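Participant: Below is the file start.cif, which contains mmCIF, C-alpha atoms.
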data_data
loop_
_atom_site.label_atom_id
_atom_site.label_comp_id
_atom_site.auth_asym_id
_atom_site.auth_seq_id
_atom_site.Cartn_x
_atom_site.Cartn_y
_atom_site.Cartn_z
CA MET D 810 7.08 19.00 5.85
CA THR D 811 7.74 15.59 7.41
CA VAL D 812 5.64 14.29 10.27
CA THR D 813 7.64 12.98 13.24
CA SER D 814 4.95 12.85 15.94
CA ASN D 815 3.54 9.47 16.91
CA ASN D 816 0.20 10.99 17.86
CA ILE D 817 -1.26 11.92 14.50
CA LYS D 818 -4.80 11.00 13.57
CA VAL D 819 -5.81 10.75 9.91
CA LEU D 820 -9.16 10.39 8.15
CA VAL D 821 -9.05 8.66 4.75
CA ILE D 822 -12.12 9.02 2.51
CA ARG D 823 -13.12 6.58 -0.20
CA PHE D 824 -16.85 5.88 -0.38
CA SER D 825 -16.92 3.24 -3.13
CA SER D 826 -16.56 0.81 -4.73
CA ILE D 827 -14.90 -2.55 -4.02
CA GLY D 828 -11.95 -2.18 -6.37
CA ASP D 829 -11.38 1.48 -5.58
CA ILE D 830 -11.30 0.75 -1.85
CA VAL D 831 -8.81 -2.09 -2.36
CA LEU D 832 -6.64 0.33 -4.33
CA THR D 833 -6.45 2.64 -1.30
CA SER D 834 -4.83 -0.08 0.84
CA PRO D 835 -1.23 1.07 0.24
CA VAL D 836 -2.17 4.52 1.56
CA VAL D 837 -3.50 3.26 4.89
CA ARG D 838 -0.56 0.85 5.26
CA VAL D 839 1.94 3.67 4.71
CA LEU D 840 0.08 5.90 7.17
CA LYS D 841 0.19 3.18 9.82
CA LYS D 842 3.64 1.69 9.28
CA GLN D 843 5.67 4.75 8.28
CA LEU D 844 3.90 7.53 10.18
CA ASN D 845 2.49 5.49 13.07
CA ALA D 846 -0.84 7.23 12.54
CA GLU D 847 -4.22 6.43 14.02
CA VAL D 848 -6.07 5.71 10.78
CA HIS D 849 -9.82 6.25 10.33
CA PHE D 850 -11.60 5.34 7.09
CA LEU D 851 -14.89 6.76 5.79
CA THR D 852 -16.84 4.70 3.26
CA LYS D 853 -20.33 3.56 2.32
CA LYS D 854 -21.97 0.99 4.55
CA ALA D 855 -22.27 -1.46 1.65
CA PHE D 856 -18.47 -1.68 1.45
CA GLN D 857 -17.46 -1.37 5.11
CA THR D 858 -16.44 -5.03 5.49
CA ILE D 859 -13.40 -4.38 3.31
CA PRO D 860 -11.71 -1.67 5.42
CA SER D 861 -13.08 -3.24 8.62
CA SER D 862 -10.94 -6.31 7.93
CA ASN D 863 -7.78 -4.23 7.46
CA PRO D 864 -5.53 -4.26 10.57
CA TYR D 865 -3.92 -0.98 9.51
CA ILE D 866 -7.25 0.82 9.99
CA ASP D 867 -8.22 1.72 13.54
CA ARG D 868 -11.81 2.78 12.94
CA VAL D 869 -14.24 2.59 10.04
CA TRP D 870 -16.96 5.20 9.62
CA SER D 871 -19.80 4.37 7.25
CA ILE D 872 -22.83 6.04 5.75
CA GLU D 873 -25.84 4.95 3.72
CA LYS D 874 -26.29 8.18 1.75
CA ASP D 875 -26.55 11.05 4.22
CA LEU D 876 -23.42 12.38 5.91
CA GLY D 877 -25.46 14.47 8.34
CA PRO D 878 -25.59 12.03 11.27
CA ILE D 879 -21.79 11.65 11.51
CA LEU D 880 -20.40 15.05 10.50
CA ASN D 881 -20.34 16.42 14.03
CA ASP D 882 -18.79 13.20 15.33
CA LEU D 883 -16.09 13.38 12.69
CA ALA D 884 -15.35 16.99 13.58
CA ALA D 885 -15.06 16.02 17.24
CA GLU D 886 -12.26 13.57 16.42
CA ASN D 887 -9.89 16.51 15.76
CA PHE D 888 -8.05 14.80 12.91
CA ASN D 889 -4.61 16.13 12.06
CA TYR D 890 -5.03 15.30 8.38
CA LEU D 891 -7.77 14.42 5.95
CA ILE D 892 -6.84 12.37 2.87
CA ASP D 893 -9.58 12.65 0.24
CA LEU D 894 -9.25 9.79 -2.23
CA HIS D 895 -12.74 10.20 -3.66
CA GLN D 896 -13.08 13.92 -4.39
CA ASN D 897 -16.83 14.26 -4.86
CA LEU D 898 -19.62 16.35 -3.34
CA ARG D 899 -19.86 14.16 -0.25
CA SER D 900 -16.16 14.35 0.50
CA ALA D 901 -16.34 18.12 -0.09
CA ARG D 902 -18.94 18.34 2.69
CA VAL D 903 -16.60 16.54 5.05
CA LYS D 904 -13.71 18.82 4.12
CA GLN D 905 -15.89 21.86 4.67
CA LYS D 906 -16.90 20.62 8.12
CA LEU D 907 -13.49 19.58 9.40
CA SER D 908 -10.91 22.19 10.33
CA THR D 909 -7.81 20.24 9.47
CA LYS D 910 -5.08 20.00 6.86
CA LYS D 911 -6.47 18.34 3.74
CA TYR D 912 -4.85 16.49 0.86
CA VAL D 913 -6.79 15.53 -2.28
CA PHE D 914 -5.83 13.26 -5.15
CA HIS D 915 -6.24 14.42 -8.74
CA LYS D 916 -9.08 12.53 -10.47
CA LEU D 917 -8.00 13.43 -14.02
CA ASN D 918 -11.58 14.28 -14.98
CA VAL D 919 -10.50 16.57 -17.82
CA GLU D 920 -7.97 14.08 -19.17
CA LYS D 921 -10.52 11.25 -19.05
CA TRP D 922 -13.15 13.44 -20.74
CA LEU D 923 -10.73 14.22 -23.57
CA MET D 924 -9.93 10.54 -24.01
CA VAL D 925 -13.56 9.38 -23.95
CA ASN D 926 -15.09 12.12 -26.06
CA LEU D 927 -12.32 13.32 -28.37
CA LYS D 928 -9.87 10.40 -28.19
CA ILE D 929 -7.12 12.83 -27.23
CA ASN D 930 -4.75 11.07 -24.87
CA ARG D 931 -3.46 13.36 -22.14
CA LEU D 932 -3.53 10.60 -19.52
CA PRO D 933 -0.35 10.27 -17.44
CA ASP D 934 1.42 6.92 -17.53
CA ARG D 935 0.86 6.43 -13.81
CA HIS D 936 -1.33 4.02 -11.87
CA ILE D 937 -4.08 5.44 -9.68
CA VAL D 938 -2.36 3.89 -6.63
CA ASP D 939 0.70 6.04 -7.25
CA ARG D 940 -1.54 9.08 -7.56
CA TYR D 941 -3.28 8.13 -4.31
CA LEU D 942 0.12 7.91 -2.62
CA ASP D 943 1.05 11.39 -3.90
CA THR D 944 -1.34 12.75 -1.26
CA LEU D 945 1.09 11.60 1.46
CA LYS D 946 4.25 13.21 0.11
CA GLU D 947 3.97 16.42 2.10
CA ILE D 948 3.55 14.56 5.38
CA GLY D 949 6.42 12.18 4.70
CA GLY D 950 4.72 9.04 3.39
CA VAL D 951 6.39 7.24 0.49
CA ASN D 952 5.47 4.23 -1.60
CA ASP D 953 6.85 1.13 0.12
CA GLY D 954 6.53 -0.97 -3.03
CA GLU D 955 4.51 -3.66 -1.27
CA GLY D 956 1.48 -3.43 -3.56
CA LEU D 957 -2.10 -3.94 -2.45
CA ASP D 958 -3.51 -5.51 0.71
CA PHE D 959 -6.65 -7.54 1.23
CA PHE D 960 -7.48 -9.23 4.50
CA ILE D 961 -9.96 -12.06 5.04
CA PRO D 962 -11.17 -12.90 8.56
CA GLU D 963 -10.71 -16.57 9.36
CA LYS D 964 -14.46 -17.12 9.66
CA GLU D 965 -14.91 -16.00 6.03
CA GLU D 966 -12.36 -18.41 4.54
CA VAL D 967 -14.03 -20.95 2.24
CA GLU D 968 -13.14 -24.65 2.07
CA VAL D 969 -13.33 -24.61 -1.69
CA LYS D 970 -12.44 -28.28 -2.18
CA ILE D 971 -15.68 -29.28 -0.45
CA HIS D 972 -17.76 -27.24 -2.91
CA PHE D 973 -16.01 -28.70 -5.94
CA LYS D 974 -16.38 -32.20 -4.50
CA GLU D 975 -20.12 -31.68 -3.93
CA ALA D 976 -20.40 -30.64 -7.58
CA GLY D 977 -18.57 -33.81 -8.64
CA ILE D 978 -15.51 -31.94 -9.88
CA SER D 979 -11.97 -33.06 -9.10
CA ILE D 980 -9.32 -30.36 -8.58
CA PRO D 981 -6.05 -32.28 -7.92
CA ASN D 982 -3.97 -29.47 -9.44
CA GLY D 983 -6.12 -26.51 -8.45
CA TYR D 984 -8.58 -24.39 -10.37
CA ILE D 985 -9.10 -21.15 -12.27
CA ALA D 986 -11.20 -18.30 -10.87
CA LEU D 987 -13.22 -16.81 -13.74
CA VAL D 988 -14.86 -13.53 -12.77
CA ILE D 989 -17.88 -13.14 -15.03
CA GLY D 990 -19.41 -10.15 -13.24
CA ALA D 991 -18.81 -6.40 -13.49
CA ALA D 992 -20.85 -3.37 -12.49
CA HIS D 993 -21.62 -2.39 -16.10
CA ALA D 994 -22.60 -4.65 -19.00
CA THR D 995 -20.08 -3.10 -21.39
CA LYS D 996 -17.31 -4.37 -19.11
CA ARG D 997 -18.53 -7.97 -19.39
CA LEU D 998 -18.06 -10.63 -22.02
CA PRO D 999 -21.44 -11.85 -23.31
CA LYS D 1000 -22.53 -15.27 -22.07
CA ASP D 1001 -21.82 -16.98 -25.40
CA GLN D 1002 -18.28 -15.60 -25.39
CA ILE D 1003 -17.70 -16.82 -21.86
CA SER D 1004 -19.06 -20.25 -22.78
CA ALA D 1005 -16.80 -20.42 -25.83
CA LEU D 1006 -13.80 -19.48 -23.67
CA ILE D 1007 -14.65 -22.12 -21.07
CA HIS D 1008 -14.90 -24.71 -23.85
CA GLN D 1009 -11.28 -23.97 -24.80
CA ILE D 1010 -9.97 -24.27 -21.22
CA PRO D 1011 -9.44 -27.88 -20.05
CA TYR D 1012 -9.15 -27.07 -16.34
CA PRO D 1013 -11.61 -26.74 -13.42
CA ILE D 1014 -13.20 -23.31 -13.17
CA ALA D 1015 -14.97 -21.44 -10.37
CA LEU D 1016 -17.33 -18.77 -11.72
CA LEU D 1017 -17.33 -15.66 -9.54
CA GLY D 1018 -19.78 -12.77 -9.51
CA GLY D 1019 -22.71 -11.31 -7.64
CA PRO D 1020 -26.35 -12.38 -7.34
CA SER D 1021 -27.18 -10.69 -10.66
CA ASP D 1022 -24.74 -13.06 -12.39
CA SER D 1023 -26.18 -16.24 -10.88
CA THR D 1024 -28.60 -17.05 -13.72
CA ILE D 1025 -25.93 -16.84 -16.41
CA ALA D 1026 -23.51 -18.75 -14.18
CA SER D 1027 -26.07 -21.50 -13.65
CA GLU D 1028 -26.52 -21.84 -17.40
CA LEU D 1029 -22.76 -21.99 -17.89
CA GLN D 1030 -22.43 -24.63 -15.21
CA SER D 1031 -25.12 -26.73 -16.89
CA ALA D 1032 -23.36 -26.42 -20.24
CA HIS D 1033 -19.97 -27.35 -18.78
CA ASN D 1034 -20.94 -29.35 -15.71
CA GLN D 1035 -17.82 -31.53 -15.62
CA LYS D 1036 -15.51 -28.63 -14.82
CA VAL D 1037 -17.49 -25.52 -13.80
CA LEU D 1038 -18.57 -24.58 -10.28
CA ASN D 1039 -21.12 -21.77 -10.01
CA CYS D 1040 -20.16 -19.53 -7.08
CA CYS D 1041 -22.07 -16.43 -8.21
CA GLY D 1042 -24.36 -15.05 -5.55
CA ASN D 1043 -23.47 -17.86 -3.14
CA PHE D 1044 -20.67 -16.04 -1.35
CA ASN D 1045 -20.13 -12.54 0.04
CA ILE D 1046 -17.21 -10.39 -1.10
CA LEU D 1047 -14.84 -11.68 1.58
CA GLN D 1048 -15.70 -15.29 0.77
CA SER D 1049 -15.33 -14.62 -2.95
CA ALA D 1050 -11.91 -13.16 -2.15
CA SER D 1051 -11.07 -16.43 -0.42
CA LEU D 1052 -11.93 -18.29 -3.63
CA VAL D 1053 -9.63 -15.93 -5.54
CA LYS D 1054 -6.87 -16.43 -2.99
CA GLN D 1055 -6.97 -20.22 -3.35
CA SER D 1056 -7.05 -20.26 -7.15
CA ASN D 1057 -4.12 -20.90 -9.48
CA LEU D 1058 -4.90 -17.93 -11.68
CA VAL D 1059 -7.67 -15.40 -12.24
CA ILE D 1060 -9.44 -14.37 -15.42
CA SER D 1061 -11.35 -11.18 -14.83
CA HIS D 1062 -13.06 -8.20 -16.36
CA ASP D 1063 -12.18 -4.71 -15.13
CA THR D 1064 -13.76 -5.18 -11.70
CA GLY D 1065 -13.11 -5.35 -7.97
CA LEU D 1066 -12.08 -9.01 -7.82
CA MET D 1067 -9.36 -8.23 -10.35
CA HIS D 1068 -7.76 -5.89 -7.82
CA ILE D 1069 -8.27 -8.41 -5.02
CA ALA D 1070 -6.44 -10.95 -7.16
CA ALA D 1071 -3.55 -8.49 -7.51
CA ALA D 1072 -3.48 -8.08 -3.72
CA PHE D 1073 -2.91 -11.84 -3.47
CA GLN D 1074 -0.22 -11.68 -6.19
CA LYS D 1075 -2.20 -14.01 -8.44
CA PRO D 1076 -1.43 -14.34 -12.15
CA ILE D 1077 -4.21 -12.37 -13.85
CA ILE D 1078 -5.67 -12.37 -17.33
CA SER D 1079 -7.67 -9.14 -17.52
CA ILE D 1080 -10.25 -8.65 -20.28
CA TRP D 1081 -11.12 -5.07 -21.15
CA GLY D 1082 -14.27 -3.86 -22.91
CA ASN D 1083 -15.31 -0.22 -23.03
CA THR D 1084 -12.73 0.87 -20.42
CA ILE D 1085 -8.99 0.89 -21.02
CA PRO D 1086 -5.94 0.06 -18.88
CA ALA D 1087 -4.59 3.51 -19.75
CA PHE D 1088 -7.07 5.00 -17.26
CA GLY D 1089 -4.55 3.75 -14.68
CA MET D 1090 -6.59 1.06 -12.95
CA TYR D 1091 -4.99 -2.11 -14.28
CA PRO D 1092 -3.77 -4.74 -11.75
CA TYR D 1093 -1.20 -3.27 -9.38
CA PHE D 1094 1.51 -5.57 -8.03
CA ARG D 1095 4.51 -5.28 -5.73
CA ASN D 1096 7.71 -3.74 -7.01
CA GLY D 1097 9.43 -6.05 -9.46
CA VAL D 1098 6.32 -8.17 -10.04
CA GLN D 1099 4.09 -8.08 -13.11
CA GLU D 1100 1.62 -10.93 -13.30
CA ASN D 1101 -1.08 -9.37 -15.49
CA THR D 1102 -1.78 -9.97 -19.16
CA SER D 1103 -4.33 -7.55 -20.59
CA PHE D 1104 -6.57 -8.43 -23.53
CA GLU D 1105 -8.29 -5.56 -25.31
CA VAL D 1106 -9.57 -4.96 -28.82
CA LYS D 1107 -7.41 -2.11 -30.04
CA GLY D 1108 -8.08 0.14 -33.01
CA LEU D 1109 -11.76 0.75 -32.31
CA SER D 1110 -12.54 4.42 -32.90
CA CYS D 1111 -15.36 4.29 -30.34
CA ARG D 1112 -13.23 3.01 -27.47
CA PRO D 1113 -13.19 4.04 -24.67
CA CYS D 1114 -16.83 5.07 -24.76
CA SER D 1115 -17.00 5.78 -21.03
CA LYS D 1116 -14.65 6.08 -18.07
CA ILE D 1117 -16.97 3.75 -16.15
CA GLY D 1118 -19.34 1.80 -18.41
CA HIS D 1119 -22.81 1.47 -19.94
CA GLN D 1120 -25.59 -1.06 -19.71
CA THR D 1121 -25.63 -1.42 -23.49
CA CYS D 1122 -23.14 -0.63 -26.23
CA PRO D 1123 -23.78 2.93 -27.47
CA LYS D 1124 -22.86 1.84 -31.00
CA LYS D 1125 -24.97 -1.36 -30.81
CA HIS D 1126 -22.12 -3.60 -32.09
CA PHE D 1127 -20.18 -4.26 -28.85
CA LYS D 1128 -17.04 -5.09 -30.80
CA CYS D 1129 -14.83 -4.31 -27.79
CA MET D 1130 -16.00 -7.62 -26.34
CA THR D 1131 -17.40 -9.68 -29.21
CA ASN D 1132 -14.11 -9.26 -31.11
CA GLN D 1133 -11.97 -10.53 -28.23
CA ASN D 1134 -9.56 -13.24 -29.40
CA LEU D 1135 -10.67 -16.13 -27.19
CA GLU D 1136 -8.11 -18.49 -28.69
CA TYR D 1137 -5.27 -16.23 -27.59
CA ILE D 1138 -6.77 -15.93 -24.12
CA ALA D 1139 -7.01 -19.72 -23.85
CA LEU D 1140 -3.39 -20.07 -25.00
CA GLU D 1141 -2.32 -17.63 -22.28
CA VAL D 1142 -4.24 -19.68 -19.73
CA GLU D 1143 -2.43 -22.81 -20.90
CA ASP D 1144 0.96 -21.10 -20.66
CA ILE D 1145 0.33 -19.80 -17.12
CA TRP D 1146 -1.18 -23.09 -15.92
CA THR D 1147 1.75 -25.11 -17.25
CA LYS D 1148 4.27 -22.86 -15.48
CA ILE D 1149 2.34 -23.09 -12.20
CA ILE D 1150 2.20 -26.89 -12.35
CA GLN D 1151 5.91 -27.09 -13.17
CA ILE D 1152 6.74 -24.92 -10.15
CA THR D 1153 4.45 -27.02 -7.94
CA ASP D 1154 6.04 -30.27 -9.12
CA ASN D 1155 9.51 -28.96 -8.34
#
Kindly present the structure from the file in structure tokens form.
Facilitator:
Amino acid sequence: MTVTSNNIKVLVIRFSSIGDIVLTSPVVRVLKKQLNAEVHFLTKKAFQTIPSSNPYIDRVWSIEKDLGPILNDLAAENFNYLIDLHQNLRSARVKQKLSTKKYVFHKLNVEKWLMVNLKINRLPDRHIVDRYLDTLKEIGGVNDGEGLDFFIPEKEEVEVKIHFKEAGISIPNGYIALVIGAAHATKRLPKDQISALIHQIPYPIALLGGPSDSTIASELQSAHNQKVLNCCGNFNILQSASLVKQSNLVISHDTGLMHIAAAFQKPIISIWGNTIPAFGMYPYFRNGVQENTSFEVKGLSCRPCSKIGHQTCPKKHFKCMTNQNLEYIALEVEDIWTKIIQITDN
């Protein structure tokens, strides 16, 4: 069935988190541009600024925890379609309440369980974005190949040169955005590893992360004060995205800012700990573009130990991060930086 009406109204559900919501952006763009739909988006209040900044979304609905206060209002909207990109108990409640045609993406829970617990790989070689877009096939939506979107309101743009200047750091040729945060500790390089990596990189660096990363970032800035700017906890997610947007390249763990960097088509060096790119959530670029280099410690029998992450290594050795080859990462930085400068000079 292909939709031809210009009066369709669609509810897209993705409650969390930052990266996952960014990864839904091709779906809402296709709904708006190909199907001319009125697009509504349901998410958690903590993340509503991301879809609220997206011009392809007409209305954002948000909740703290309880769906109760908005279920009747959602039902009253008389949506033509519901696109469930979260598939959890909350989204099930919405689907139960709304009498409309529903499409749900496949979360691969069984395949991920087999990979984590038995190391049996039944994972498809497909990115989660492509699986999200599968939900639109029956109504005529197809992948436009334009990759991810991320939109920053003008008031949230950061004049990054001022912050570097105040820190006494010159950035005549730009800077590197180094994302030191991640939701789970087993996704993050330890502080000593980060410091050792910074020592091998001769270029200005902006450290990005949340308030919980500010102490470590402050210590790293003190240890490398001639080239490191601590931005952790000082900027909201939209402002942090602005710092990513203005950078030359991004070094990141498996986290939301990695996907934001992909939305801006930035060269990315992604560093993987307990999670693996094979889960299908590596940086997603436009058709014909591949600007990501993944670094992961392969051959560990314990990896992946979780599809999300832990606060401590279950095996107590944390080899998936402590065995990262920092020299190779620094060499990749040098290679990317040199190419960028050459292009700029020409």
Participant: How many Å separate CA of Val1053 (chain D) from CA of Leu851 (chain D)?
Facilitator: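 CA of Leu851 (chain D) lies 25.9 Å from CA of Val1053 (chain D).
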Participant: Find the residues around region 981-985 of chain D up to 7 Å (all atoms listed in the file counted), leave out those fewer than 5 positions away in its own chain, and share them as a list in words.
Facilitator: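 Using all atoms listed in the file, the neighbours found are Tyr1012, Pro1013, Ile1014, Ala1015, Ser1056, Asn1057, Leu1058 and Val1059 of chain D.
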Participant: Go ahead and compute the interatomic distance for CA of Thr1131 (chain D) and CA of Asn1101 (chain D), in Å to one decimal.
Facilitator: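 Between CA of Thr1131 (chain D) and CA of Asn1101 (chain D) the gap works out to 21.3 Å.
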Participant: So, with all atoms listed in the file as the atoms that count, which of D:Gln843, D:Thr852, D:Gln1055, D:Gln896 lies closest to Tyr941 (chain D)?
Facilitator: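 Going through D:Gln843, D:Thr852, D:Gln1055, D:Gln896 one by one, the smallest distance to Tyr941 (chain D) is for D:Gln896.
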Participant: Exactly which residues make up the result of the PyMOL selection byres ((chain D and resi 872-881) around 8) on this file, given as a VMD selection string?
Facilitator: chain D and resid 851 to 855 870 to 871 882 to 885 899 903 906
Participant: Expand the PyMOL selection byres ((chain D and resi 997) around 12) into the explicit residue set it covers here, and present it as JSON, numbers by chain.
Facilitator: {"D": [987, 988, 989, 990, 991, 992, 993, 994, 995, 996, 998, 999, 1000, 1001, 1002, 1003, 1018, 1022, 1025, 1060, 1061, 1062, 1063, 1064, 1079, 1080, 1081, 1082, 1083, 1084, 1118, 1119, 1120, 1121, 1122, 1127, 1128, 1129, 1130, 1131, 1133]}
Participant: Some atoms are missing, so please complete region 1006-1026 of chain D with N, CA and C atoms and return it as a PDB file, keeping the file's coordinate frame.
Facilitator:
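Okay, selection.pdb is ready:
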ATOM      1  N   LEU D1006     -15.099 -19.505 -24.330  1.00  0.00           N
ATOM      2  CA  LEU D1006     -13.800 -19.480 -23.670  1.00  0.00           C
ATOM      3  C   LEU D1006     -13.649 -20.687 -22.744  1.00  0.00           C
ATOM      4  N   ILE D1007     -14.684 -20.963 -21.971  1.00  0.00           N
ATOM      5  CA  ILE D1007     -14.650 -22.120 -21.070  1.00  0.00           C
ATOM      6  C   ILE D1007     -14.408 -23.407 -21.855  1.00  0.00           C
ATOM      7  N   HIS D1008     -15.045 -23.513 -23.014  1.00  0.00           N
ATOM      8  CA  HIS D1008     -14.900 -24.710 -23.850  1.00  0.00           C
ATOM      9  C   HIS D1008     -13.434 -24.940 -24.251  1.00  0.00           C
ATOM     10  N   GLN D1009     -12.670 -23.854 -24.376  1.00  0.00           N
ATOM     11  CA  GLN D1009     -11.280 -23.970 -24.800  1.00  0.00           C
ATOM     12  C   GLN D1009     -10.310 -24.167 -23.639  1.00  0.00           C
ATOM     13  N   ILE D1010     -10.817 -24.125 -22.407  1.00  0.00           N
ATOM     14  CA  ILE D1010      -9.970 -24.270 -21.220  1.00  0.00           C
ATOM     15  C   ILE D1010     -10.224 -25.649 -20.601  1.00  0.00           C
ATOM     16  N   PRO D1011      -9.222 -26.508 -20.529  1.00  0.00           N
ATOM     17  CA  PRO D1011      -9.440 -27.880 -20.050  1.00  0.00           C
ATOM     18  C   PRO D1011      -9.275 -28.063 -18.542  1.00  0.00           C
ATOM     19  N   TYR D1012      -9.403 -26.985 -17.773  1.00  0.00           N
ATOM     20  CA  TYR D1012      -9.150 -27.070 -16.340  1.00  0.00           C
ATOM     21  C   TYR D1012     -10.385 -26.679 -15.536  1.00  0.00           C
ATOM     22  N   PRO D1013     -10.461 -27.113 -14.265  1.00  0.00           N
ATOM     23  CA  PRO D1013     -11.610 -26.740 -13.420  1.00  0.00           C
ATOM     24  C   PRO D1013     -11.713 -25.229 -13.253  1.00  0.00           C
ATOM     25  N   ILE D1014     -12.941 -24.748 -13.218  1.00  0.00           N
ATOM     26  CA  ILE D1014     -13.200 -23.310 -13.170  1.00  0.00           C
ATOM     27  C   ILE D1014     -14.246 -22.999 -12.108  1.00  0.00           C
ATOM     28  N   ALA D1015     -13.971 -21.987 -11.296  1.00  0.00           N
ATOM     29  CA  ALA D1015     -14.970 -21.440 -10.370  1.00  0.00           C
ATOM     30  C   ALA D1015     -15.447 -20.118 -10.941  1.00  0.00           C
ATOM     31  N   LEU D1016     -16.759 -20.009 -11.195  1.00  0.00           N
ATOM     32  CA  LEU D1016     -17.330 -18.770 -11.720  1.00  0.00           C
ATOM     33  C   LEU D1016     -17.654 -17.843 -10.555  1.00  0.00           C
ATOM     34  N   LEU D1017     -17.126 -16.623 -10.608  1.00  0.00           N
ATOM     35  CA  LEU D1017     -17.330 -15.660  -9.540  1.00  0.00           C
ATOM     36  C   LEU D1017     -18.097 -14.451 -10.040  1.00  0.00           C
ATOM     37  N   GLY D1018     -18.972 -13.943  -9.184  1.00  0.00           N
ATOM     38  CA  GLY D1018     -19.780 -12.770  -9.510  1.00  0.00           C
ATOM     39  C   GLY D1018     -20.806 -12.569  -8.429  1.00  0.00           C
ATOM     40  N   GLY D1019     -21.681 -11.612  -8.626  1.00  0.00           N
ATOM     41  CA  GLY D1019     -22.710 -11.310  -7.640  1.00  0.00           C
ATOM     42  C   GLY D1019     -24.014 -12.030  -7.934  1.00  0.00           C
ATOM     43  N   PRO D1020     -25.039 -11.750  -7.136  1.00  0.00           N
ATOM     44  CA  PRO D1020     -26.350 -12.380  -7.340  1.00  0.00           C
ATOM     45  C   PRO D1020     -26.921 -12.141  -8.733  1.00  0.00           C
ATOM     46  N   SER D1021     -26.644 -10.987  -9.324  1.00  0.00           N
ATOM     47  CA  SER D1021     -27.180 -10.690 -10.660  1.00  0.00           C
ATOM     48  C   SER D1021     -26.537 -11.554 -11.742  1.00  0.00           C
ATOM     49  N   ASP D1022     -25.424 -12.197 -11.416  1.00  0.00           N
ATOM     50  CA  ASP D1022     -24.740 -13.060 -12.390  1.00  0.00           C
ATOM     51  C   ASP D1022     -25.118 -14.523 -12.228  1.00  0.00           C
ATOM     52  N   SER D1023     -25.940 -14.844 -11.222  1.00  0.00           N
ATOM     53  CA  SER D1023     -26.180 -16.240 -10.880  1.00  0.00           C
ATOM     54  C   SER D1023     -26.922 -17.010 -11.969  1.00  0.00           C
ATOM     55  N   THR D1024     -27.849 -16.354 -12.673  1.00  0.00           N
ATOM     56  CA  THR D1024     -28.600 -17.050 -13.720  1.00  0.00           C
ATOM     57  C   THR D1024     -27.690 -17.466 -14.864  1.00  0.00           C
ATOM     58  N   ILE D1025     -26.880 -16.523 -15.340  1.00  0.00           N
ATOM     59  CA  ILE D1025     -25.930 -16.840 -16.410  1.00  0.00           C
ATOM     60  C   ILE D1025     -24.944 -17.905 -15.941  1.00  0.00           C
ATOM     61  N   ALA D1026     -24.472 -17.779 -14.702  1.00  0.00           N
ATOM     62  CA  ALA D1026     -23.510 -18.750 -14.180  1.00  0.00           C
ATOM     63  C   ALA D1026     -24.123 -20.143 -14.095  1.00  0.00           C
TER      64      ALA D1026
END
